[in-house]
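Enquirer: Mind looking over this structure? Questions follow.
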Amino acid sequence: MAPKATAPIDLTGYWVSVVTEDWRYRMVTPAPGDYQGVPMTRAAVKIADAWDPAKDEAAGEQCKSYGAPAILRVPEHLHITWQDDQTLRMDTDAGKQTRLFHFGERKDAESTPTLQGDSIAQWEIQRAGGRPVNGTLKVSTSHLKAGYLRKNGVPYSDNATLSEYYDLVKERNGDVLMVVTIVVTDPMYLREPFIISSHFKKQADDSGWKPSECSSRW
Amino acid sequence: MTRNKTILTLAILLCVAFPALAEIDLSGSWTSKNHEDNLERGAGPNPDDWAGLPFNESGRAKALSFSQSTISMPERICWFQTQWHIAAGPFSLKIWSESDPLTGKINAWVLGGWETRAPMTIWMDGRPHPSKNAPHDQTGFTTGTWNGDVLTAYTTHIKTGYMRRNGAASSDQATITTTFIRHGDMLTLALVMEDPVYLTEPYILTRSYISTPTPVAVAGPPCIVGYEGVESGRVPHYLPGKNPFVNEMDKIYHIPVEAAMGGAETMYPAFRDKMKDRFVIPPKCTRNCGAPMPGPEPN
């Protein structure tokens with residue numbers, strides 16, 4: 001059966017970031033040199049210390065902090081849909097980015113690396129008595145164009161890879177949360193995998209959807 | 001007869017292969033990855049930083065009255081550490097199960113290992129929560145249920161404590177829902193606090209851990225009450241309008257006071273629109289900036 005038909009959880013719909021963690025790194029642009037919590041290599045610090053948003057703007061690279069390893073830390077709305085039976089699509093209003101999660105094998109090594117990279121998806125289905133009762137979407141992303149983990153120039157290289165686990169949590173008040181565990185691995189700029197988790201609240205409709213361009217400074 | 005035996009054998013095999021309720025083993029030592037909220041979980045948050053906290057007016061007023069010296073009062077030294085300390089502190093976890101010796105059925109999961117906290121017992125045997133009039137303590141009372149491989153624990157009967165280690169308080173009516181999500185060697189905890197006294201919406205934090213072969217102690221040093229310089233009869237506090245740190249986040253990070261004072265709207269992206277035209281990127285970080293830890297670089 002197609003992945004759309006076998007989905008153990010429904011991730012489709014509109015979601016909004018709930019920013020209760022790393023607030024000063026996400027809701028505003030942090031100070032140059034403020035790298036708390038990121039296990040950066042010295043080479044990464046050297047690059048981040050040279051962060052110059054004007055230079056990124058001049059190069060047309062305002063979206064460097066909107067790549068796949070960072071996009072779920074951006075305060076934003078998400079719209080998740082099935083593009084087809086094999087492909088889950090995620091659109092963001094902040095930065096107008098699109099990610100495609102392809103189920104099954106997909107070889108795209110000849111193409112140019114991109115901010116959102118190539119993502120392979122699979123369901124991890126939890127069963128009880130042989131029946132599916134819950135599950136996780138696991139997404140593995142590679143072939144990434146280098147970018148920033150944080151707006152103030154904390155870098156990841158084009159050798160970085162990303163693993164994500166999407167789970168649903170139902171609150172007692174009936175709200176549904178999407179909890180995404182994010183693991184960024186980068187042999188060049190991270191001393192160890194950078195492990196964080198972001199959470200989003202399910203929205204009834206698109207009323208909060210407000211597309212905006214990428215920004216190097218905000 | 002042979003056919004019946006075959007069916008019976010298959011039924012037994014199916015029962016063994018697929019337990020009636022999916023569960024996953026959570027036991028072991030788990031290292032906390034403090035890559036997010038690093039300062040807040042380690043040294044502690046900046047004073048008067050309540051951005052992203054869904055306060056109501058009472059919660060904000062109580063927090064503004066807080067002096068850090070409050071927790072040097074003998075009556076308050078151990079005051080703040082409810083089960084929320086899992087999320088607000090930096091500590092690693094030890095998780096183990098306690099089973100019925102006759103049936104082998106797991107009666108409870110227990111979390112220990114973080115400093116100054118008693119272990120948290122999650123009862124899995126279906127027992128009810130105590131009456132609402134039952135005494136509260138810092139550990140509270142917790143029950144758990146499985147949904148597939150995900151364990152959800154619900155804690156009630158906690159004493160007043162804190163949501164953030166800078167005076168943001170939780171009341172004794174607060175409850176905590178903790179969801180344990182395991183992915184191989186990783187464990188993600190999603191904690192949701194509801195508090196009808198001080199919050200307008202649930203306060204949500206998610207935390208990450210990785211499995212480690214290095215044992216995490218089942219208990220840390222206890223919180224010990226002693227004299228810390230606050231003389232008997234004095235209650236450190238700030239009167240309304242007298243808190244000297246209200247502008248602290250603006251001074252350090254250019255975060256507007258209305259953001260630092262918290263409230264549910266500060267949790268959502270739309271709040272950025274209120275700050276956008278005023279915000280100026282702060283000057284280069286000079287303290288609490290993070291830096292590479294000593295040790296070898298990766299190959």
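Residues in the structure tokens are numbered from 1 in each chain, the chains being A, B, ... in the order shown, and ligands are numbered from 1 in the order shown.
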Name the residues in contact with Met27 of chain A at a cut-off of 9 Å, using only C-alpha atoms, excluding same-chain residues fewer than 5 positions from it; report them as a ChimeraX atom specification.
Expert: /A:19,22,74-75,218 /B:266-269,271-272
Enquirer: Specify as an MDAnalysis selection string all residues of chain A found within 8 Å of chain B, counting only C-alpha atoms.
Expert: chainID A and resid 16:24 27:42 45 75:77 126:130 133:135 165 169 171 179 181 187:188 190:192 194:199 217:218
Enquirer: Enter the distance from atom CA of Gln68 of chain B to atom CA of Pro47 of chain B, in Å, rounded to one decimal.
Expert: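 Those two atoms sit 8.5 Å apart.
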Enquirer: Name the residues in contact with segment 80-82 of chain B at a cut-off of 7 Å, using only C-alpha atoms, excluding same-chain residues fewer than 4 positions from it; report them as a list in words.
Expert: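 The filter keeps Arg117, Gln138, Thr139, Ile158, Gly161 and Tyr162 of chain B.
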Enquirer: Restricting the calculation to only C-alpha atoms: of B:Phe55, B:Phe91, B:Tyr238, B:Trp84, which residue gets closest to Met120 of chain B?
Expert: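 Among the listed residues, the smallest separation from Met120 of chain B belongs to B:Trp84.
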Enquirer: Between atom CA of Glu258 of chain B and atom CA of Asp273 of chain B, what is the distance in Å, rounded to a tenth?
Expert: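 Calculated distance between atom CA of Glu258 of chain B and atom CA of Asp273 of chain B is 12.9 Å.
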Enquirer: Have a look at A:Gln203, A:Thr136, A:Thr112, A:Ser119 and name the one nearest to Ser163 of chain A; count only C-alpha atoms.
Expert: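 Looking at the shortest contact to Ser163 of chain A, the residue is A:Ser119.
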Enquirer: Could you pull out the strand (DSSP E) residues of segment 75-217 of chain A from DSSP and send them as a PyMOL selection string?
Expert: chain A and resi 77-84+87-92+98-103+118-128+131-142+147-148+155-156+161-170+176-185+194-203
Enquirer: Just the number, please: distance in Å from atom CA of Ser32 of chain B to atom CA of Ala70 of chain A, one decimal.
Expert: 20.9 Å
Enquirer: Counting only C-alpha atoms, figure out which residue out of A:Asp118, A:Asp167, A:Asp206, A:Asp186 gets nearest to Leu149 of chain A.
Expert: A:Asp186
Enquirer: For Val139 of chain A, find every residue with an atom within 10 Å (counting only C-alpha atoms), except residues of its own chain fewer than 5 positions away, and show them as a PyMOL selection string.
Expert: chain A and resi 101-103+118-123+162-166+182
Enquirer: Please provide the set of residues having any atom within 10 Å of Ile71 of chain B, restricted to only C-alpha atoms, with same-chain residues fewer than 3 positions apart removed, written as a list in words.
Expert: Phe66, Ser67, Gln68, Pro74, Glu75, Arg76, Ile77, Cys78, Trp79, Phe80, Gly167, Glu228, Val230, Val235 and Pro236 of chain B
Enquirer: Go ahead and write the selection's residues with C-alpha atoms as a short mmCIF file (atom, residue, chain, number, x, y, z; two decimals), in the first residue's frame.
Expert:
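Done, and the output landed in result_19.cif:
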```
data_model
loop_
_atom_site.label_atom_id
_atom_site.label_comp_id
_atom_site.auth_asym_id
_atom_site.auth_seq_id
_atom_site.Cartn_x
_atom_site.Cartn_y
_atom_site.Cartn_z
CA PHE B 66 10.61 37.58 43.31
CA SER B 67 14.07 38.29 44.61
CA GLN B 68 16.73 35.66 43.98
CA PRO B 74 15.51 28.39 55.07
CA GLU B 75 11.84 27.81 54.29
CA ARG B 76 12.45 28.31 50.57
CA ILE B 77 15.83 26.72 49.87
CA CYS B 78 14.28 23.57 48.48
CA TRP B 79 11.06 25.21 47.45
CA PHE B 80 11.36 25.29 43.72
CA GLY B 167 10.77 33.50 39.96
CA GLU B 228 22.55 31.27 53.52
CA VAL B 230 18.99 35.68 55.11
CA VAL B 235 11.38 37.89 53.39
CA PRO B 236 13.36 39.05 50.33
#
```
Enquirer: Please determine, counting only C-alpha atoms, which residue among A:Asp175, A:Gly147, A:Ser140, A:Thr185 has the shortest atom-to-atom distance to Ala204 of chain A.
Expert: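 Distance minimum relative to Ala204 of chain A lands on A:Asp175.
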Enquirer: Considering only helix (DSSP H, G or I) as DSSP defines it on the backbone, what residues of chain A qualify? List them as a list in words.
Expert: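 The helix (DSSP H, G or I) residues within chain A come out as Pro3, Lys4, Ala5, Thr6, Trp23, Arg24, Tyr25, Arg26, Arg42, Ala43, Ala44, Val45, Lys46, Ile47, Ala48, Asp49, Pro53, Ala54, Lys55, Asp56, Glu57, Ala58, Lys64, Ser65, Tyr66, Ala68, Pro69, Ala70 and Ile71 of chain A.
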Enquirer: Just the selected residues (N, CA and C atoms), exported as a compact mmCIF listing (two decimals), in the first residue's frame, please.
Expert:
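Now in out03.txt:
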```
# COMPACT_ATOMS: atom_id res chain seq x y z
N PRO A 3 2.36 4.88 1.00
CA PRO A 3 2.61 5.50 2.32
C PRO A 3 1.46 6.40 2.79
N LYS A 4 0.81 7.04 1.86
CA LYS A 4 -0.31 7.90 2.26
C LYS A 4 -1.41 7.06 2.92
N ALA A 5 -1.63 5.88 2.34
CA ALA A 5 -2.70 5.01 2.86
C ALA A 5 -2.32 4.33 4.17
N THR A 6 -1.01 4.14 4.38
CA THR A 6 -0.58 3.40 5.58
C THR A 6 -0.12 4.32 6.70
N TRP A 23 14.24 31.15 23.01
CA TRP A 23 13.44 32.28 22.53
C TRP A 23 14.31 33.37 21.93
N ARG A 24 15.39 33.71 22.64
CA ARG A 24 16.19 34.86 22.17
C ARG A 24 17.05 34.50 20.98
N TYR A 25 17.11 33.22 20.61
CA TYR A 25 17.81 32.84 19.38
C TYR A 25 16.85 32.69 18.21
N ARG A 26 15.57 32.67 18.50
CA ARG A 26 14.60 32.37 17.45
C ARG A 26 13.67 33.54 17.14
N ARG A 42 36.07 24.80 16.35
CA ARG A 42 36.76 26.10 16.25
C ARG A 42 36.60 26.68 14.85
N ALA A 43 36.61 25.82 13.86
CA ALA A 43 36.43 26.30 12.48
C ALA A 43 35.07 26.96 12.33
N ALA A 44 34.08 26.41 13.00
CA ALA A 44 32.74 26.99 12.93
C ALA A 44 32.70 28.36 13.60
N VAL A 45 33.37 28.46 14.74
CA VAL A 45 33.39 29.75 15.45
C VAL A 45 34.06 30.81 14.58
N LYS A 46 35.12 30.40 13.92
CA LYS A 46 35.83 31.36 13.06
C LYS A 46 34.90 31.89 11.97
N ILE A 47 34.13 31.00 11.39
CA ILE A 47 33.20 31.42 10.32
C ILE A 47 32.08 32.28 10.90
N ALA A 48 31.54 31.84 12.03
CA ALA A 48 30.43 32.59 12.63
C ALA A 48 30.87 33.98 13.08
N ASP A 49 32.11 34.07 13.56
CA ASP A 49 32.61 35.38 13.99
C ASP A 49 32.71 36.37 12.83
N PRO A 53 25.56 40.05 7.72
CA PRO A 53 24.29 39.92 6.99
C PRO A 53 24.26 40.74 5.70
N ALA A 54 24.97 41.86 5.69
CA ALA A 54 24.99 42.68 4.47
C ALA A 54 25.65 41.90 3.32
N LYS A 55 26.67 41.17 3.67
CA LYS A 55 27.36 40.37 2.65
C LYS A 55 26.42 39.29 2.10
N ASP A 56 25.66 38.66 2.98
CA ASP A 56 24.69 37.65 2.52
C ASP A 56 23.63 38.28 1.63
N GLU A 57 23.19 39.45 2.01
CA GLU A 57 22.18 40.14 1.18
C GLU A 57 22.75 40.47 -0.20
N ALA A 58 23.97 40.95 -0.21
CA ALA A 58 24.59 41.32 -1.49
C ALA A 58 24.76 40.10 -2.39
N LYS A 64 19.91 31.70 4.06
CA LYS A 64 20.85 30.74 4.64
C LYS A 64 20.41 30.20 6.00
N SER A 65 19.56 30.93 6.71
CA SER A 65 19.08 30.42 8.01
C SER A 65 17.70 29.76 7.89
N TYR A 66 17.33 29.44 6.66
CA TYR A 66 16.03 28.79 6.42
C TYR A 66 16.20 27.40 5.80
N ALA A 68 17.01 23.23 5.69
CA ALA A 68 16.34 22.15 6.42
C ALA A 68 16.83 21.97 7.86
N PRO A 69 18.14 22.07 8.14
CA PRO A 69 18.56 21.87 9.54
C PRO A 69 18.07 22.95 10.49
N ALA A 70 17.67 24.11 9.96
CA ALA A 70 17.26 25.23 10.83
C ALA A 70 15.79 25.60 10.67
N ILE A 71 15.15 25.14 9.63
CA ILE A 71 13.84 25.70 9.28
C ILE A 71 12.80 25.46 10.37
```
